[in-house]
Each structure stands twice: as C-alpha cells, then as structure tokens.
>>> print(open('query12.pdb').read())   # PDB, C-alpha atoms (C1' of nucleotides)
ATOM      1  CA  MET A   1      18.069   0.623   4.290  1.00  0.00           C
ATOM      2  CA  THR A   2      16.583   4.068   4.708  1.00  0.00           C
ATOM      3  CA  PRO A   3      15.130   5.719   7.819  1.00  0.00           C
ATOM      4  CA  PHE A   4      11.805   5.660   6.064  1.00  0.00           C
ATOM      5  CA  THR A   5      11.968   1.902   5.769  1.00  0.00           C
ATOM      6  CA  GLU A   6      12.807   1.504   9.424  1.00  0.00           C
ATOM      7  CA  ASN A   7       9.939   3.732  10.445  1.00  0.00           C
ATOM      8  CA  VAL A   8       7.538   1.773   8.321  1.00  0.00           C
ATOM      9  CA  ILE A   9       8.650  -1.498   9.867  1.00  0.00           C
ATOM     10  CA  LYS A  10       8.407  -0.056  13.356  1.00  0.00           C
ATOM     11  CA  LEU A  11       4.931   1.301  12.795  1.00  0.00           C
ATOM     12  CA  ILE A  12       3.626  -1.920  11.383  1.00  0.00           C
ATOM     13  CA  LYS A  13       5.036  -3.938  14.241  1.00  0.00           C
ATOM     14  CA  GLN A  14       3.145  -1.666  16.602  1.00  0.00           C
ATOM     15  CA  ILE A  15      -0.257  -2.370  15.121  1.00  0.00           C
ATOM     16  CA  PRO A  16      -2.253  -4.224  17.786  1.00  0.00           C
ATOM     17  CA  GLU A  17      -4.543  -7.155  17.070  1.00  0.00           C
ATOM     18  CA  GLY A  18      -7.955  -6.362  15.759  1.00  0.00           C
ATOM     19  CA  ARG A  19      -6.831  -3.060  14.276  1.00  0.00           C
ATOM     20  CA  VAL A  20      -5.725  -1.977  10.817  1.00  0.00           C
ATOM     21  CA  MET A  21      -3.870   0.893   9.182  1.00  0.00           C
ATOM     22  CA  THR A  22      -3.900   2.213   5.657  1.00  0.00           C
ATOM     23  CA  TYR A  23      -0.837   2.313   3.430  1.00  0.00           C
ATOM     24  CA  GLY A  24      -1.092   6.049   3.049  1.00  0.00           C
ATOM     25  CA  GLN A  25      -1.372   6.549   6.761  1.00  0.00           C
ATOM     26  CA  ILE A  26       1.761   4.548   7.420  1.00  0.00           C
ATOM     27  CA  ALA A  27       3.639   6.409   4.722  1.00  0.00           C
ATOM     28  CA  ARG A  28       2.622   9.711   6.251  1.00  0.00           C
ATOM     29  CA  LEU A  29       3.682   8.691   9.739  1.00  0.00           C
ATOM     30  CA  ALA A  30       6.935   7.302   8.432  1.00  0.00           C
ATOM     31  CA  GLY A  31       7.837  10.669   6.963  1.00  0.00           C
ATOM     32  CA  SER A  32       6.935  10.317   3.288  1.00  0.00           C
ATOM     33  CA  PRO A  33       3.270  11.176   2.715  1.00  0.00           C
ATOM     34  CA  ARG A  34       3.379  10.087  -0.913  1.00  0.00           C
ATOM     35  CA  ALA A  35       5.254   6.838  -0.455  1.00  0.00           C
ATOM     36  CA  ALA A  36       2.342   4.504   0.027  1.00  0.00           C
ATOM     37  CA  ARG A  37       3.676   2.204  -2.643  1.00  0.00           C
ATOM     38  CA  GLN A  38       6.995   1.848  -0.897  1.00  0.00           C
ATOM     39  CA  VAL A  39       5.206   0.980   2.279  1.00  0.00           C
ATOM     40  CA  VAL A  40       3.587  -1.846   0.404  1.00  0.00           C
ATOM     41  CA  ARG A  41       6.820  -3.021  -1.108  1.00  0.00           C
ATOM     42  CA  ILE A  42       8.699  -2.859   2.177  1.00  0.00           C
ATOM     43  CA  LEU A  43       5.923  -4.526   4.055  1.00  0.00           C
ATOM     44  CA  HIS A  44       5.712  -7.353   1.602  1.00  0.00           C
ATOM     45  CA  SER A  45       9.402  -8.038   1.258  1.00  0.00           C
ATOM     46  CA  MET A  46      10.261  -7.507   4.904  1.00  0.00           C
ATOM     47  CA  SER A  47       7.399  -9.561   6.295  1.00  0.00           C
ATOM     48  CA  LYS A  48       9.376 -12.647   5.418  1.00  0.00           C
ATOM     49  CA  LYS A  49      12.329 -11.728   7.594  1.00  0.00           C
ATOM     50  CA  TYR A  50      10.726  -9.611  10.280  1.00  0.00           C
ATOM     51  CA  ARG A  51       7.409 -11.439  10.528  1.00  0.00           C
ATOM     52  CA  LEU A  52       5.440  -8.251  10.137  1.00  0.00           C
ATOM     53  CA  PRO A  53       1.637  -8.349  10.471  1.00  0.00           C
ATOM     54  CA  TRP A  54       1.122  -7.301   6.858  1.00  0.00           C
ATOM     55  CA  HIS A  55      -2.452  -8.517   7.013  1.00  0.00           C
ATOM     56  CA  ARG A  56      -3.326  -5.605   9.269  1.00  0.00           C
ATOM     57  CA  VAL A  57      -2.596  -3.149   6.482  1.00  0.00           C
ATOM     58  CA  VAL A  58      -5.271  -2.233   3.953  1.00  0.00           C
ATOM     59  CA  ASN A  59      -5.779   0.463   1.343  1.00  0.00           C
ATOM     60  CA  ALA A  60      -7.405   3.849   1.891  1.00  0.00           C
ATOM     61  CA  GLU A  61     -10.900   2.392   1.551  1.00  0.00           C
ATOM     62  CA  GLY A  62     -10.371  -0.363   4.069  1.00  0.00           C
ATOM     63  CA  LYS A  63     -10.396  -2.917   1.297  1.00  0.00           C
ATOM     64  CA  ILE A  64      -7.780  -5.409   0.247  1.00  0.00           C
ATOM     65  CA  VAL A  65      -6.365  -4.682  -3.179  1.00  0.00           C
ATOM     66  CA  ILE A  66      -3.736  -7.367  -3.150  1.00  0.00           C
ATOM     67  CA  LYS A  67      -3.072  -9.137  -6.443  1.00  0.00           C
ATOM     68  CA  ASP A  68      -2.357 -12.625  -5.228  1.00  0.00           C
ATOM     69  CA  GLU A  69      -5.619 -14.376  -4.375  1.00  0.00           C
ATOM     70  CA  ALA A  70      -4.061 -16.748  -1.885  1.00  0.00           C
ATOM     71  CA  SER A  71      -2.623 -13.892   0.145  1.00  0.00           C
ATOM     72  CA  TYR A  72      -5.838 -11.972  -0.280  1.00  0.00           C
ATOM     73  CA  HIS A  73      -7.879 -14.670   1.368  1.00  0.00           C
ATOM     74  CA  GLU A  74      -5.232 -15.281   3.954  1.00  0.00           C
ATOM     75  CA  GLN A  75      -5.475 -11.671   5.006  1.00  0.00           C
ATOM     76  CA  ILE A  76      -9.240 -11.855   5.317  1.00  0.00           C
ATOM     77  CA  LEU A  77      -9.043 -14.966   7.444  1.00  0.00           C
ATOM     78  CA  LYS A  78      -6.425 -13.477   9.742  1.00  0.00           C
ATOM     79  CA  LEU A  79      -8.382 -10.296  10.221  1.00  0.00           C
ATOM     80  CA  GLU A  80     -11.547 -12.173  11.033  1.00  0.00           C
ATOM     81  CA  ALA A  81      -9.602 -14.358  13.438  1.00  0.00           C
ATOM     82  CA  GLU A  82      -8.507 -11.211  15.265  1.00  0.00           C
ATOM     83  CA  GLY A  83     -12.034  -9.944  15.588  1.00  0.00           C
ATOM     84  CA  VAL A  84     -12.180  -7.514  12.685  1.00  0.00           C
ATOM     85  CA  ALA A  85     -15.642  -7.449  11.149  1.00  0.00           C
ATOM     86  CA  LEU A  86     -15.502  -7.393   7.363  1.00  0.00           C
ATOM     87  CA  GLY A  87     -18.282  -6.038   5.170  1.00  0.00           C
ATOM     88  CA  SER A  88     -20.022  -7.982   2.455  1.00  0.00           C
ATOM     89  CA  LEU A  89     -17.328  -6.776   0.067  1.00  0.00           C
ATOM     90  CA  ASN A  90     -14.561  -7.724   2.468  1.00  0.00           C
ATOM     91  CA  GLU A  91     -14.068  -4.168   3.486  1.00  0.00           C
ATOM     92  CA  VAL A  92     -13.038  -2.948   6.929  1.00  0.00           C
ATOM     93  CA  ASN A  93     -14.863  -0.126   8.696  1.00  0.00           C
ATOM     94  CA  LEU A  94     -11.952   2.270   9.099  1.00  0.00           C
ATOM     95  CA  GLU A  95     -13.942   4.524  11.406  1.00  0.00           C
ATOM     96  CA  THR A  96     -13.981   1.631  13.829  1.00  0.00           C
ATOM     97  CA  TYR A  97     -10.767  -0.297  13.244  1.00  0.00           C
ATOM     98  CA  ARG A  98      -8.231   2.272  12.082  1.00  0.00           C
ATOM     99  CA  TRP A  99      -5.379   2.352  14.564  1.00  0.00           C
ATOM    100  CA  LEU A 100      -3.973   5.713  15.559  1.00  0.00           C
ATOM    101  CA  PRO A 101      -0.542   5.671  17.241  1.00  0.00           C
TER
ATOM    102  C1'  DA B   1      24.253   3.610 -12.745  1.00  0.00           C
ATOM    103  C1'  DG B   2      19.928   3.702 -14.765  1.00  0.00           C
ATOM    104  C1'  DC B   3      15.425   1.871 -15.793  1.00  0.00           C
ATOM    105  C1'  DT B   4      11.372  -0.784 -14.523  1.00  0.00           C
ATOM    106  C1'  DT B   5       8.020  -1.907 -11.196  1.00  0.00           C
ATOM    107  C1'  DG B   6       4.461  -1.803  -8.131  1.00  0.00           C
ATOM    108  C1'  DA B   7      -0.358  -5.345  -1.672  1.00  0.00           C
ATOM    109  C1'  DC B   8      -1.350   2.964  -3.387  1.00  0.00           C
ATOM    110  C1'  DT B   9      -3.729   7.552  -3.720  1.00  0.00           C
ATOM    111  C1'  DA B  10      -5.948  11.401  -5.364  1.00  0.00           C
ATOM    112  C1'  DC B  11      -7.724  13.796  -9.043  1.00  0.00           C
ATOM    113  C1'  DT B  12     -10.234  14.062 -13.428  1.00  0.00           C
ATOM    114  C1'  DC B  13     -13.378  12.568 -16.975  1.00  0.00           C
TER
ATOM    115  C1'  DA C   1     -20.654   6.426  -9.538  1.00  0.00           C
ATOM    116  C1'  DG C   2     -17.361   4.121 -11.919  1.00  0.00           C
ATOM    117  C1'  DA C   3     -13.274   4.107 -14.788  1.00  0.00           C
ATOM    118  C1'  DG C   4      -9.099   6.128 -16.428  1.00  0.00           C
ATOM    119  C1'  DT C   5      -4.766   8.596 -15.400  1.00  0.00           C
ATOM    120  C1'  DA C   6      -0.904  10.762 -13.517  1.00  0.00           C
ATOM    121  C1'  DG C   7       2.216  11.288  -9.453  1.00  0.00           C
ATOM    122  C1'  DC C   8       4.873   9.054  -6.081  1.00  0.00           C
ATOM    123  C1'  DC C   9       9.609   7.107  -4.290  1.00  0.00           C
ATOM    124  C1'  DA C  10      12.274   3.106  -2.768  1.00  0.00           C
ATOM    125  C1'  DA C  11      13.562  -1.662  -3.994  1.00  0.00           C
ATOM    126  C1'  DG C  12      15.004  -4.960  -7.518  1.00  0.00           C
ATOM    127  C1'  DC C  13      17.394  -6.111 -11.643  1.00  0.00           C
TER
END
>>> encode(input="query12.pdb", output="structure tokens")
Amino acid sequence: MTPFTENVIKLIKQIPEGRVMTYGQIARLAGSPRAARQVVRILHSMSKKYRLPWHRVVNAEGKIVIKDEASYHEQILKLEAEGVALGSLNEVNLETYRWLP
DNA sequence: AGCTTGACTACTC
DNA sequence: AGAGTAGCCAAGC
C-alpha cells in the first residue's frame, strides 16, 4: 500500500452524491498527476473491500470508458439515480457536476 | 525480481 | 474531427 493509494481511496470516499470526478483529477490531487491509470486500478480493485463509489468517477470527457458493459450500465443507472443528468451519449456535464474538494 | 497490464490522458497525424 | 500513439506508474502474476 502506498500513500498515493490511500489518498486516492480517501478522495473517492469524499465524493458526494450527484457529483463526479475525473480519473486525472483524482490522480493529481492524490499526488501523482500522471497516474490516472493507477487510480482506475485502485478504484476498481478496492471498491470490493472498501465499498468505494466508483460509479462517481468518469474520464476526462465526462464519459464512461469502462470495458465491461454490465458495469458500464450499472454506473449510468447509479448516476441517474443520484440526480446526475447524462447526455444523449451518456456523458456528464463536467462544468456542472465536477466535484472540487 | 522482473515483466505485463490497464474503468486514462494528452499530443500528433 | 476522428483515429492512432506514446507516456504514465502501481498492482498482479
């Protein structure tokens, strides 16, 4: 476990309902601006143990780039359930929903 | 101990 | 504008 990992987990747990963050943003705040991919990996693997709101994390465009379709749709449903309006292409308006700590 | 792998990003064709 | 590519760094094997 690295400090970076802990920071990532902390940040993600702090995301309130109805808001989202980008992978890059989390990586930057966690101390490694270029570690977006690790954020993803950590988020995904740790969500099982720590129950992290992984669905509130999207890519830099506000879209969901996830590979697994099941999880992809699950994320969309959860976001909508929290009041996040998705575009016709299932994209989030970051100007509106991006959460700044 | 070393190599592969990404729920990404930014830059270039 | 859309597609290809290289860089990134920790986790998993």
>>> resolve_selection(input="query12.pdb", expression="the PyMOL selection byres ((chain A) within 8 of (chain B))", output="number ranges by chain")
A: 23-24, 36-37, 40-41, 44, 59-60, 64-67
>>> interface_residues(input="query12.pdb", of="chain A", to="chain C", cutoff="7 Å", atoms="only C-alpha atoms (C1' of nucleotides)", output="ChimeraX atom specification")
/A:34-35,38
>>> atom_distance(input="query12.pdb", atom1="CA of Arg28 (chain A)", atom2="CA of Arg51 (chain A)")
22.1 Å
>>> atom_distance(input="query12.pdb", atom1="CA of Leu29 (chain A)", atom2="CA of Leu89 (chain A)")
27.8 Å
>>> atom_distance(input="query12.pdb", atom1="CA of Lys78 (chain A)", atom2="CA of Gly31 (chain A)")
28.2 Å
>>> residues_around(input="query12.pdb", residues="region 79-84 of chain A", least_positions_apart="5", cutoff="10 Å", atoms="only C-alpha atoms (C1' of nucleotides)", output="PyMOL selection string")
chain A and resi 16-20+55-57+73-74+91-93+96-97
>>> axis_aligned_box(input="query12.pdb", around="region 18-29 of chain A", padding_each_side="6 Å", output="lines of an AutoDock Vina configuration file")
center_x = -2.1
center_y = 1.7
center_z = 9.4
size_x = 23.6
size_y = 28.1
size_z = 24.7
>>> resolve_selection(input="query12.pdb", expression="the PyMOL selection byres ((chain A and resi 11) around 10)", output="number ranges by chain")
A: 5-10, 12-15, 21, 26-27, 29-30, 52, 101
>>> decode(input="query12.pdb", residues="region 78-94 of chain A", atoms="N, CA, C and O atoms", output="short mmCIF file (atom, residue, chain, number, x, y, z; two decimals), in the first residue's frame")
data_model
loop_
_atom_site.label_atom_id
_atom_site.label_comp_id
_atom_site.auth_asym_id
_atom_site.auth_seq_id
_atom_site.Cartn_x
_atom_site.Cartn_y
_atom_site.Cartn_z
N LYS A 78 -26.71 4.24 -11.65
CA LYS A 78 -26.43 4.82 -10.33
C LYS A 78 -26.31 6.33 -10.40
O LYS A 78 -26.80 7.04 -9.52
N LEU A 79 -25.68 6.81 -11.42
CA LEU A 79 -25.54 8.26 -11.56
C LEU A 79 -26.90 8.92 -11.74
O LEU A 79 -27.20 9.94 -11.11
N GLU A 80 -27.70 8.34 -12.58
CA GLU A 80 -29.03 8.90 -12.81
C GLU A 80 -29.84 8.88 -11.51
O GLU A 80 -30.55 9.82 -11.20
N ALA A 81 -29.68 7.80 -10.77
CA ALA A 81 -30.41 7.65 -9.52
C ALA A 81 -30.01 8.73 -8.52
O ALA A 81 -30.78 9.12 -7.65
N GLU A 82 -28.79 9.25 -8.67
CA GLU A 82 -28.31 10.27 -7.75
C GLU A 82 -28.59 11.67 -8.25
O GLU A 82 -28.21 12.66 -7.63
N GLY A 83 -29.22 11.74 -9.41
CA GLY A 83 -29.61 13.05 -9.92
C GLY A 83 -28.66 13.65 -10.93
O GLY A 83 -28.75 14.83 -11.26
N VAL A 84 -27.73 12.84 -11.44
CA VAL A 84 -26.81 13.34 -12.45
C VAL A 84 -27.45 13.20 -13.84
O VAL A 84 -27.80 12.10 -14.24
N ALA A 85 -27.56 14.33 -14.52
CA ALA A 85 -28.16 14.29 -15.86
C ALA A 85 -27.11 13.85 -16.88
O ALA A 85 -26.05 14.44 -16.99
N LEU A 86 -27.42 12.81 -17.63
CA LEU A 86 -26.49 12.31 -18.63
C LEU A 86 -26.94 12.77 -20.02
O LEU A 86 -28.13 12.84 -20.30
N GLY A 87 -25.97 13.07 -20.87
CA GLY A 87 -26.27 13.50 -22.23
C GLY A 87 -26.76 12.34 -23.07
O GLY A 87 -26.86 11.22 -22.60
N SER A 88 -27.06 12.62 -24.32
CA SER A 88 -27.55 11.58 -25.21
C SER A 88 -26.50 10.49 -25.41
O SER A 88 -26.82 9.36 -25.74
N LEU A 89 -25.24 10.85 -25.23
CA LEU A 89 -24.15 9.89 -25.38
C LEU A 89 -23.67 9.40 -24.03
O LEU A 89 -22.53 8.98 -23.88
N ASN A 90 -24.54 9.51 -23.03
CA ASN A 90 -24.18 9.10 -21.68
C ASN A 90 -22.97 9.84 -21.15
O ASN A 90 -22.13 9.26 -20.49
N GLU A 91 -22.92 11.11 -21.46
CA GLU A 91 -21.81 11.89 -20.96
C GLU A 91 -22.29 12.88 -19.89
O GLU A 91 -23.39 13.40 -19.97
N VAL A 92 -21.43 13.12 -18.91
CA VAL A 92 -21.76 14.02 -17.81
C VAL A 92 -21.24 15.42 -18.13
O VAL A 92 -20.17 15.58 -18.71
N ASN A 93 -22.02 16.43 -17.78
CA ASN A 93 -21.56 17.81 -17.95
C ASN A 93 -20.63 18.15 -16.80
O ASN A 93 -21.05 18.48 -15.70
N LEU A 94 -19.33 18.07 -17.06
CA LEU A 94 -18.35 18.29 -16.00
C LEU A 94 -18.41 19.70 -15.42
O LEU A 94 -18.14 19.91 -14.25
#
